[in-house]
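A.B. asks: First the structure, then my questions, so here it is.
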Amino acid sequence: MATMQLISRQAPSKTKILVICQGGNSRSVSCAYLLKYFYNVDALACGWEKNSSETMKLMCDWAQAIIVMEEQFLEKVPEEYDDKTFVLDVGPDVWCNSFHRELLNLCGVGLETLLPRIEEFLAGGIKHEDVPVVKMKRAIDEVTKENV
């Protein structure tokens with residue numbers, strides 16, 4: 001009877017990116033989802049509000065790069081990680097749903113600009129300050145009496 005042999009294979013190393021928003025439920029999850037499933041990046045989502053400073057440090061140590069989902073969240077990342085923290089600002093969470101089409105679109109378009117620059121930084125090709133802050137604008141449909 002033949003038995004199956006398990007062969008240990010080391011998976012190719014992936015870039016490790018931590019994505020941080022306030023609650024860790026919508027914006028960071030959307031961005032981490034896109035990084036994992038469309039860019040083949042090892043990504044984790046978390047919120048600064050509900051994690052202890054010890055947990056945040058542990059996750060920041062793990063990550064090669066950190067993305068915050070609002071520029072003001074830079075102050076929530078421990079200072080020693082400033083040199084690997086980048087901004088993809090999609091604004092405040094108005095979606096409350098990590099798979100909202102608009103949020104996924106904002107994250108996806110923003111990552112098209114930001115991710116190649118982060119990869120170039122990690123490869124030593126550019127300096128941290130040469131990676132842009134990416135600010136996305138929402139397309140808001142105004143409802144007026146005339147078009148209701």
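In the structure tokens, chains take the letters A, B, ... in the order shown, each chain's residues start at 1, and ligands count up from 1 in the order shown.
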Excluding same-chain residues fewer than 5 positions from A:Gly24, what lies within 12 Å of it counting only C-alpha atoms, as a VMD selection string?

C.D. replies: chain A and resid 18 to 19 29 to 32 44 to 51 56 68 to 69 93 96 to 98

A.B. asks: Would you kindly return, as a PyMOL selection string, each protein, DNA or RNA residue with an atom no farther than 12 Å from any atom of A:Ile118, considering only C-alpha atoms and excluding same-chain residues fewer than 4 positions away?

C.D. replies: chain A and resi 15-17+41+64-67+83-88+111-114+122-134

A.B. asks: Closest to A:Lys135 among A:Val109, A:Val90, A:Leu103, A:Cys21, using only C-alpha atoms?

C.D. replies: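 Closest residue, counting only C-alpha atoms: A:Val90.
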
A.B. asks: Can you list, as a PyMOL selection string, every residue of stretch 5-52 of chain A that DSSP puts in helix (DSSP H, G or I)?

C.D. replies: chain A and resi 27-39

A.B. asks: Once you have the residues from the selection above, write them out as a PDB file, in the first residue's frame, restricted to C-alpha atoms.

C.D. replies:
ATOM      1  CA  ARG A  27     -11.069  50.378   5.941  1.00  0.00           C
ATOM      2  CA  SER A  28      -8.080  48.313   7.060  1.00  0.00           C
ATOM      3  CA  VAL A  29      -9.928  45.068   6.254  1.00  0.00           C
ATOM      4  CA  SER A  30     -10.730  46.289   2.726  1.00  0.00           C
ATOM      5  CA  CYS A  31      -7.149  47.291   2.075  1.00  0.00           C
ATOM      6  CA  ALA A  32      -5.698  44.090   3.580  1.00  0.00           C
ATOM      7  CA  TYR A  33      -8.157  42.002   1.527  1.00  0.00           C
ATOM      8  CA  LEU A  34      -7.000  43.642  -1.705  1.00  0.00           C
ATOM      9  CA  LEU A  35      -3.347  43.285  -0.723  1.00  0.00           C
ATOM     10  CA  LYS A  36      -3.797  39.556   0.017  1.00  0.00           C
ATOM     11  CA  TYR A  37      -5.999  38.475  -2.839  1.00  0.00           C
ATOM     12  CA  PHE A  38      -5.016  40.816  -5.658  1.00  0.00           C
ATOM     13  CA  TYR A  39      -1.391  41.685  -4.884  1.00  0.00           C
TER      14      TYR A  39
END

A.B. asks: Can you tell me, as a compact mmCIF listing (two decimals) with N, CA and C atoms, in the first residue's frame, what residues are no more than 8 Å from A:Leu106 when counting only C-alpha atoms, ignoring any on the same chain fewer than 2 positions away?

C.D. replies:
# COMPACT_ATOMS: atom_id res chain seq x y z
N VAL A 90 -8.27 57.32 3.00
CA VAL A 90 -9.57 57.22 2.33
C VAL A 90 -10.64 58.00 3.10
N GLU A 102 -17.65 51.18 -2.97
CA GLU A 102 -16.91 52.45 -3.02
C GLU A 102 -15.60 52.36 -2.23
N LEU A 103 -15.65 51.74 -1.06
CA LEU A 103 -14.45 51.61 -0.24
C LEU A 103 -13.41 50.73 -0.92
N LEU A 104 -13.83 49.60 -1.47
CA LEU A 104 -12.89 48.73 -2.19
C LEU A 104 -12.27 49.47 -3.38
N GLY A 108 -8.40 50.21 -3.81
CA GLY A 108 -7.75 49.64 -4.98
C GLY A 108 -7.03 50.68 -5.81
N VAL A 109 -7.68 51.80 -6.06
CA VAL A 109 -7.06 52.87 -6.84
C VAL A 109 -5.87 53.45 -6.08
N GLY A 110 -6.03 53.62 -4.77
CA GLY A 110 -4.93 54.13 -3.96
C GLY A 110 -3.74 53.19 -3.93
N MET A 136 -7.34 59.82 -1.09
CA MET A 136 -8.42 59.51 -2.03
C MET A 136 -9.63 60.39 -1.69
N LYS A 137 -10.36 60.79 -2.71
CA LYS A 137 -11.57 61.59 -2.53
C LYS A 137 -12.78 60.75 -2.90
N ARG A 138 -13.80 60.84 -2.07
CA ARG A 138 -15.04 60.12 -2.34
C ARG A 138 -15.84 60.84 -3.40

A.B. asks: Enter the distance from atom CA of A:Asn40 to atom CA of A:Glu119, in Å, rounded to one decimal.

C.D. replies: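 Computed distance, atom CA of A:Asn40 to atom CA of A:Glu119, equals 12.5 Å.
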
A.B. asks: What is the distance, in Å and to one decimal place, between atom CA of A:Lys76 and atom CA of A:Thr55?

C.D. replies: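 Between atom CA of A:Lys76 and atom CA of A:Thr55 the gap works out to 12.6 Å.
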